[in-house]
Structures are given as C-alpha cells and as structure tokens.
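S.K.: Would you mind keeping the following structure in view while I ask a few things?
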Amino acid sequence: MTKNICFLSITLLFLASCNSKYKYNIEKSEHGLTIQQDSLNINVEIIDDAIIHVNKILNTSTPSTIPDYVTVLEPQSVEWELKETSDRITISTKLVKLFVNSDGVITFETKDGKGLLAETNERTFINSEEEGKQHNVSQGFQVGDEGLYGLGQFQSGIMNWKNVPIRLQQYNQEIAIPFLVSTKGYGIYWHNYSLTDFNNPENEIVFDSKAEVNNNSEDAIAPVDGEKENVAAYAAKEAAEKNIRETTFTPTKTGEYTFLALSDNNGRMRGNINVSIDGDSVINYSTIWMPRRYSGKKIRSWQGI
C-alpha cells in the first residue's frame, strides 16, 4: 500500500527514560512509548485493550500542526506490559500483542499468539522528497487466509480487496475511506488524507495496438453488388471509433489474476470502459461519472490468452 501522507502530530508526556535492553533508546509514557531509531521515530500509543495507534516519522521531519478531526478517542486507562530483548520489544494488552523488531518492522498477534498481520521490510519505507514538507510512504503487510473488506464505495462490484489493486481517490460516485476490515476480526485505519494506491500492480501491460481503418483502402465497407459487405473492414472502423485496443496477456501459472486499468483521456468523466479476456468481461464501467483507474480480476489457467 503506497501513499502520500501528512503525519499525525502526537503529543506525549514522557514520564521516564528507560534503561533499555533494546538496541535503540525507548522513552516510555503512561499510554505508550517512543522508539528513537537512527533515522526514524516510532510512536506507539495504547488507546484501549483492542486499539493501538502507531505513528512513524523521520527524525528530520516536523510533525504536522493540522488539528486531528478523525482519531479523536483519547487513550483509556488500561493495563499494558512491555518486554524487551536486544532485537525486539513486545507490548501486550489483554487482547493484543504488538512486536517492534530492531529494523522497525511491526507485527500484531492475538493475546493467544495467533498471527494477525505483519509489515514487510521490503515494502515499508518513508522517502523524503522535500525536507520537512512531503514524503512518499509505502507500507506492506503479509496476510494469511482471510478476506479484506472496506476501503469505501466503488463501482467495480468487488467486495474482497485481498490482492486486488485499487486507487483510493474521491470521485462523484466513488468514496475512498482508508479503513480495512479482515475476516480474522481486526481492522486497519490509516490516518491519511492523501491519494493512496492499495495493492500496487507488479507488472504493466501496454495496449500498444489500436484498430484503425484506412479510408483509402480498396476494401469497401459498403455492400458489394447489394449483397456482400466487408465485415472485417466494418469491424475495424467501429473499433477505431470506439477506441478499442488489444494486447496479449500470457499467465505463467494457474490462479487468480487482478488488474488495474488506467484510462485518463485528459480527465474524461463520462462514457464507458470495458476490459475483456477471451470474451469475458473483467472490468466494465458504464456510468456517467468515471474514475481514472478501474479494478478487475479473473481466474485463469496457464495457457496463453
């Protein structure tokens, strides 16, 4: 999940500085702690037994001063426990455990030790584009056998967003909400007002061939001798008028493939877009108000299509 984010400003009253076994300095407060890594500060705030708020910010950045109108619940008085080793800290409440590894990767488990989700080091990062002003942020998670629902209201008909790419962007008939709910019983809310790409596609397929018809061709579209017409030429002309493009997609193994189609056309807001594979519609939008990115999925075997 990649996003541009305005960081949440969290004010913590530090009560003590711990003599930590952990390799980084830890500042503990009544409702959480801050880990001061080499280039990153990680704030962990225990809201209640089931809600933990994590905020990562580069130590060269200035926290936002914009008022928080979303995460308004104040931390409750709950019991929590902190354990440390040189490579990991563990925060436990009555319902959930949170682990922070020395590389900054965060993992969540139930109180019984059942895995919920874990960040991936490869896709979790903060890149500063302009010091103190803007950041490119990516956060990746490993998930298990579960369904992932939420993210807002979309026209694609897709409900389970596991492995499905979608751009969270507000349109007239599409509502983006950065909140995800798992069938495992947990939810993730990103305190994020920015454009967000969820499940960025790993590969790009370019529609580089466009059906066109040569008006000077000797192949006439009109019927010949009142009986016969050039069906191929007529189909090519119709395809050109509809802006029909073609490409080849060759799956490498059996499974479900997901797609994100981009159709900008200088900010087009009406018309329709249809992506089909072997005659089966994968993406089909025909409403007046159109987004610029469209999600779809299809189960395919390994044979080329």
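Ligands are numbered from 1 in the order shown, chains are lettered A, B, ... in the order of the structure tokens, and residues start at 1 in each chain.
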Which residues are close to Phe141 (chain A), i.e. within 8 Å by only C-alpha atoms, leaving aside same-chain residues fewer than 3 positions away? Reply as a count of residues only.

M.R.: 4

S.K.: If we count only C-alpha atoms, what is near Tyr69 (chain A) at a cut-off of 12 Å, once residues fewer than 2 positions away on the same chain are taken out, given as number ranges by chain?

M.R.: A: 8-9, 66-67, 71-73, 191-193

S.K.: Would you save the residues from that selection as a PDB file, in the first residue's frame, using N, CA and C atoms?

M.R.:
ATOM      1  N   LEU A   8       0.570  12.553  11.488  1.00  0.00           N
ATOM      2  CA  LEU A   8      -0.202  12.926  12.654  1.00  0.00           C
ATOM      3  C   LEU A   8       0.723  13.430  13.741  1.00  0.00           C
ATOM      4  N   SER A   9       0.380  14.532  14.320  1.00  0.00           N
ATOM      5  CA  SER A   9       1.138  15.067  15.440  1.00  0.00           C
ATOM      6  C   SER A   9       0.597  14.477  16.728  1.00  0.00           C
ATOM      7  N   ILE A  66      -1.704  20.390  11.869  1.00  0.00           N
ATOM      8  CA  ILE A  66      -3.117  20.369  11.477  1.00  0.00           C
ATOM      9  C   ILE A  66      -3.915  19.641  12.557  1.00  0.00           C
ATOM     10  N   PRO A  67      -5.016  20.202  13.029  1.00  0.00           N
ATOM     11  CA  PRO A  67      -5.830  19.522  14.051  1.00  0.00           C
ATOM     12  C   PRO A  67      -6.310  18.163  13.573  1.00  0.00           C
ATOM     13  N   THR A  71      -9.061  10.716  14.451  1.00  0.00           N
ATOM     14  CA  THR A  71      -8.742   9.838  15.576  1.00  0.00           C
ATOM     15  C   THR A  71      -8.883  10.647  16.869  1.00  0.00           C
ATOM     16  N   VAL A  72     -10.103  10.754  17.339  1.00  0.00           N
ATOM     17  CA  VAL A  72     -10.412  11.663  18.446  1.00  0.00           C
ATOM     18  C   VAL A  72     -10.550  10.934  19.783  1.00  0.00           C
ATOM     19  N   LEU A  73     -10.523   9.596  19.780  1.00  0.00           N
ATOM     20  CA  LEU A  73     -10.657   8.861  21.025  1.00  0.00           C
ATOM     21  C   LEU A  73      -9.393   9.029  21.866  1.00  0.00           C
ATOM     22  N   HIS A 191      -4.444   6.861   9.108  1.00  0.00           N
ATOM     23  CA  HIS A 191      -4.771   8.279   9.277  1.00  0.00           C
ATOM     24  C   HIS A 191      -4.103   9.031   8.130  1.00  0.00           C
ATOM     25  N   ASN A 192      -4.812   9.080   7.021  1.00  0.00           N
ATOM     26  CA  ASN A 192      -4.205   9.518   5.772  1.00  0.00           C
ATOM     27  C   ASN A 192      -5.240  10.244   4.918  1.00  0.00           C
ATOM     28  N   TYR A 193      -4.942  11.492   4.566  1.00  0.00           N
ATOM     29  CA  TYR A 193      -5.847  12.294   3.733  1.00  0.00           C
ATOM     30  C   TYR A 193      -5.403  12.304   2.271  1.00  0.00           C
TER      31      TYR A 193
END

S.K.: If you measure from CA of Leu262 (chain A) to CA of Leu148 (chain A), what distance in Å do you get, rounded to one decimal?

M.R.: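 Interatomic distance, CA of Leu262 (chain A) to CA of Leu148 (chain A): 23.2 Å.
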
S.K.: From the options A:Thr90, A:Asn43, A:Ser263, A:Ser276, which residue's atoms come nearest to Thr248 (chain A), counting only C-alpha atoms?

M.R.: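 Among the listed residues, the smallest separation from Thr248 (chain A) belongs to A:Ser276.
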
S.K.: Would you kindly return, as a tab-separated table (two decimals) with N, CA and C atoms, in the first residue's frame, each protein, DNA or RNA residue with an atom no farther than 9 Å from any atom of region 161-178 of chain A, considering only C-alpha atoms and excluding same-chain residues fewer than 3 positions away?

M.R.:
chain	number	residue	atom	x	y	z
A	143	VAL	N	-0.33	-11.10	4.89
A	143	VAL	CA	-1.60	-11.55	5.47
A	143	VAL	C	-1.79	-13.03	5.17
A	146	GLU	N	-7.58	-15.09	4.49
A	146	GLU	CA	-8.61	-14.19	5.02
A	146	GLU	C	-9.16	-13.32	3.91
A	147	GLY	N	-10.31	-12.73	4.16
A	147	GLY	CA	-10.87	-11.73	3.26
A	147	GLY	C	-10.62	-10.35	3.82
A	148	LEU	N	-10.45	-9.38	2.92
A	148	LEU	CA	-10.18	-8.00	3.33
A	148	LEU	C	-11.24	-7.10	2.70
A	149	TYR	N	-12.03	-6.44	3.53
A	149	TYR	CA	-13.17	-5.68	3.07
A	149	TYR	C	-13.06	-4.22	3.53
A	150	GLY	N	-13.82	-3.37	2.87
A	150	GLY	CA	-13.83	-1.96	3.25
A	150	GLY	C	-13.29	-1.06	2.15
A	151	LEU	N	-12.52	-0.06	2.54
A	151	LEU	CA	-11.84	0.91	1.67
A	151	LEU	C	-12.79	1.93	1.04
A	152	GLY	N	-14.10	1.79	1.24
A	152	GLY	CA	-15.01	2.81	0.71
A	152	GLY	C	-16.09	2.23	-0.17
A	153	GLN	N	-16.50	3.03	-1.15
A	153	GLN	CA	-17.60	2.67	-2.06
A	153	GLN	C	-17.13	2.82	-3.50
A	154	PHE	N	-17.21	1.70	-4.25
A	154	PHE	CA	-16.71	1.69	-5.62
A	154	PHE	C	-17.71	1.04	-6.56
A	155	GLN	N	-17.52	1.25	-7.87
A	155	GLN	CA	-18.46	0.78	-8.87
A	155	GLN	C	-18.06	-0.55	-9.50
A	158	ILE	N	-16.50	-5.32	-6.76
A	158	ILE	CA	-15.58	-6.12	-5.96
A	158	ILE	C	-15.78	-5.80	-4.49
A	188	ILE	N	-7.69	-2.15	10.12
A	188	ILE	CA	-6.59	-1.20	9.98
A	188	ILE	C	-7.17	0.13	9.50
A	189	TYR	N	-6.86	1.17	10.23
A	189	TYR	CA	-7.24	2.51	9.77
A	189	TYR	C	-5.96	3.33	9.57
A	190	TRP	N	-5.77	3.83	8.35
A	190	TRP	CA	-4.63	4.70	8.06
A	190	TRP	C	-5.08	6.14	8.21
A	191	HIS	N	-4.44	6.86	9.11
A	191	HIS	CA	-4.77	8.28	9.28
A	191	HIS	C	-4.10	9.03	8.13
A	192	ASN	N	-4.81	9.08	7.02
A	192	ASN	CA	-4.21	9.52	5.77
A	192	ASN	C	-5.24	10.24	4.92
A	193	TYR	N	-4.94	11.49	4.57
A	193	TYR	CA	-5.85	12.29	3.73
A	193	TYR	C	-5.40	12.30	2.27
A	194	SER	N	-4.35	11.61	1.94
A	194	SER	CA	-3.71	11.74	0.63
A	194	SER	C	-4.12	10.64	-0.33
A	195	LEU	N	-3.78	10.86	-1.60
A	195	LEU	CA	-4.01	9.86	-2.64
A	195	LEU	C	-3.26	8.58	-2.27
A	196	THR	N	-3.98	7.44	-2.33
A	196	THR	CA	-3.40	6.18	-1.86
A	196	THR	C	-3.61	5.08	-2.89
A	197	ASP	N	-2.55	4.37	-3.22
A	197	ASP	CA	-2.63	3.19	-4.07
A	197	ASP	C	-2.55	1.96	-3.20
A	198	PHE	N	-3.60	1.14	-3.22
A	198	PHE	CA	-3.68	-0.08	-2.44
A	198	PHE	C	-3.39	-1.26	-3.35
A	199	ASN	N	-2.44	-2.13	-2.96
A	199	ASN	CA	-2.02	-3.27	-3.78
A	199	ASN	C	-1.54	-2.80	-5.16
A	200	ASN	N	-0.48	-2.05	-5.18
A	200	ASN	CA	0.07	-1.59	-6.45
A	200	ASN	C	0.37	-2.78	-7.37
A	201	PRO	N	-0.05	-2.75	-8.65
A	201	PRO	CA	0.24	-3.86	-9.56
A	201	PRO	C	1.75	-4.06	-9.73
A	257	TYR	N	-5.86	-13.68	-11.24
A	257	TYR	CA	-5.08	-12.51	-11.66
A	257	TYR	C	-5.93	-11.26	-11.46
A	258	THR	N	-5.31	-10.22	-10.96
A	258	THR	CA	-6.02	-8.97	-10.72
A	258	THR	C	-5.45	-7.88	-11.61
A	259	PHE	N	-6.29	-6.91	-11.97
A	259	PHE	CA	-5.91	-5.90	-12.94
A	259	PHE	C	-6.34	-4.51	-12.47
A	260	LEU	N	-5.57	-3.52	-12.85
A	260	LEU	CA	-5.92	-2.12	-12.65
A	260	LEU	C	-5.71	-1.40	-13.97
A	287	THR	N	-21.09	4.06	-16.24
A	287	THR	CA	-21.82	5.15	-15.60
A	287	THR	C	-21.36	6.49	-16.15
A	289	TRP	N	-20.33	9.23	-14.39
A	289	TRP	CA	-19.14	9.75	-13.72
A	289	TRP	C	-18.12	8.63	-13.61
A	290	MET	N	-16.96	8.84	-14.22
A	290	MET	CA	-15.98	7.78	-14.34
A	290	MET	C	-14.70	8.12	-13.57
A	291	PRO	N	-14.14	7.16	-12.84
A	291	PRO	CA	-12.81	7.37	-12.27
A	291	PRO	C	-11.75	7.22	-13.36
A	293	ARG	N	-9.02	5.06	-12.81
A	293	ARG	CA	-8.46	3.72	-12.64
A	293	ARG	C	-9.57	2.75	-12.30
A	294	TYR	N	-9.47	1.53	-12.85
A	294	TYR	CA	-10.56	0.57	-12.76
A	294	TYR	C	-10.00	-0.78	-12.35
A	295	SER	N	-10.63	-1.42	-11.38
A	295	SER	CA	-10.13	-2.68	-10.85
A	295	SER	C	-10.92	-3.86	-11.42
A	296	GLY	N	-10.24	-5.00	-11.56
A	296	GLY	CA	-10.90	-6.21	-12.01
A	296	GLY	C	-10.05	-7.43	-11.69
A	297	LYS	N	-10.66	-8.62	-11.76
A	297	LYS	CA	-9.91	-9.84	-11.50
A	297	LYS	C	-10.51	-10.99	-12.29

S.K.: Which residue gives the smallest distance to Lys111 (chain A) among A:Ser286, A:Asn243, A:Ser92, A:Thr254, with only C-alpha atoms counted?

M.R.: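 Ranked by minimum distance to Lys111 (chain A), first place goes to A:Ser92.
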
S.K.: Skip Lys56 (chain A) itself and residues of its chain fewer than 3 positions away, then list as a ChimeraX atom specification all residues within 8 Å of it, counting only C-alpha atoms.

M.R.: /A:40-43

S.K.: Could you save those same residues with all heavy atoms as a PDB file, in the first residue's frame?

M.R.:
ATOM      1  N   LEU A  40      14.526   7.239  12.218  1.00  0.00           N
ATOM      2  CA  LEU A  40      13.081   7.119  12.329  1.00  0.00           C
ATOM      3  C   LEU A  40      12.668   7.083  13.789  1.00  0.00           C
ATOM      4  O   LEU A  40      13.322   6.430  14.611  1.00  0.00           O
ATOM      5  CB  LEU A  40      12.622   5.833  11.634  1.00  0.00           C
ATOM      6  CG  LEU A  40      11.133   5.600  11.439  1.00  0.00           C
ATOM      7  CD1 LEU A  40      10.590   6.522  10.348  1.00  0.00           C
ATOM      8  CD2 LEU A  40      10.880   4.149  11.054  1.00  0.00           C
ATOM      9  N   ASN A  41      11.594   7.801  14.098  1.00  0.00           N
ATOM     10  CA  ASN A  41      10.968   7.701  15.409  1.00  0.00           C
ATOM     11  C   ASN A  41       9.657   6.939  15.263  1.00  0.00           C
ATOM     12  O   ASN A  41       8.852   7.241  14.383  1.00  0.00           O
ATOM     13  CB  ASN A  41      10.691   9.082  16.002  1.00  0.00           C
ATOM     14  CG  ASN A  41      11.970   9.786  16.430  1.00  0.00           C
ATOM     15  OD1 ASN A  41      13.008   9.149  16.606  1.00  0.00           O
ATOM     16  ND2 ASN A  41      11.899  11.090  16.596  1.00  0.00           N
ATOM     17  N   ILE A  42       9.446   5.954  16.127  1.00  0.00           N
ATOM     18  CA  ILE A  42       8.222   5.157  16.117  1.00  0.00           C
ATOM     19  C   ILE A  42       7.476   5.422  17.409  1.00  0.00           C
ATOM     20  O   ILE A  42       7.969   5.120  18.494  1.00  0.00           O
ATOM     21  CB  ILE A  42       8.521   3.654  15.980  1.00  0.00           C
ATOM     22  CG1 ILE A  42       9.320   3.385  14.711  1.00  0.00           C
ATOM     23  CG2 ILE A  42       7.219   2.850  15.968  1.00  0.00           C
ATOM     24  CD1 ILE A  42       9.746   1.936  14.549  1.00  0.00           C
ATOM     25  N   ASN A  43       6.280   6.013  17.294  1.00  0.00           N
ATOM     26  CA  ASN A  43       5.427   6.261  18.455  1.00  0.00           C
ATOM     27  C   ASN A  43       4.347   5.190  18.526  1.00  0.00           C
ATOM     28  O   ASN A  43       3.635   4.947  17.548  1.00  0.00           O
ATOM     29  CB  ASN A  43       4.752   7.637  18.351  1.00  0.00           C
ATOM     30  CG  ASN A  43       5.759   8.768  18.336  1.00  0.00           C
ATOM     31  OD1 ASN A  43       6.722   8.756  19.091  1.00  0.00           O
ATOM     32  ND2 ASN A  43       5.525   9.748  17.477  1.00  0.00           N
TER      33      ASN A  43
END
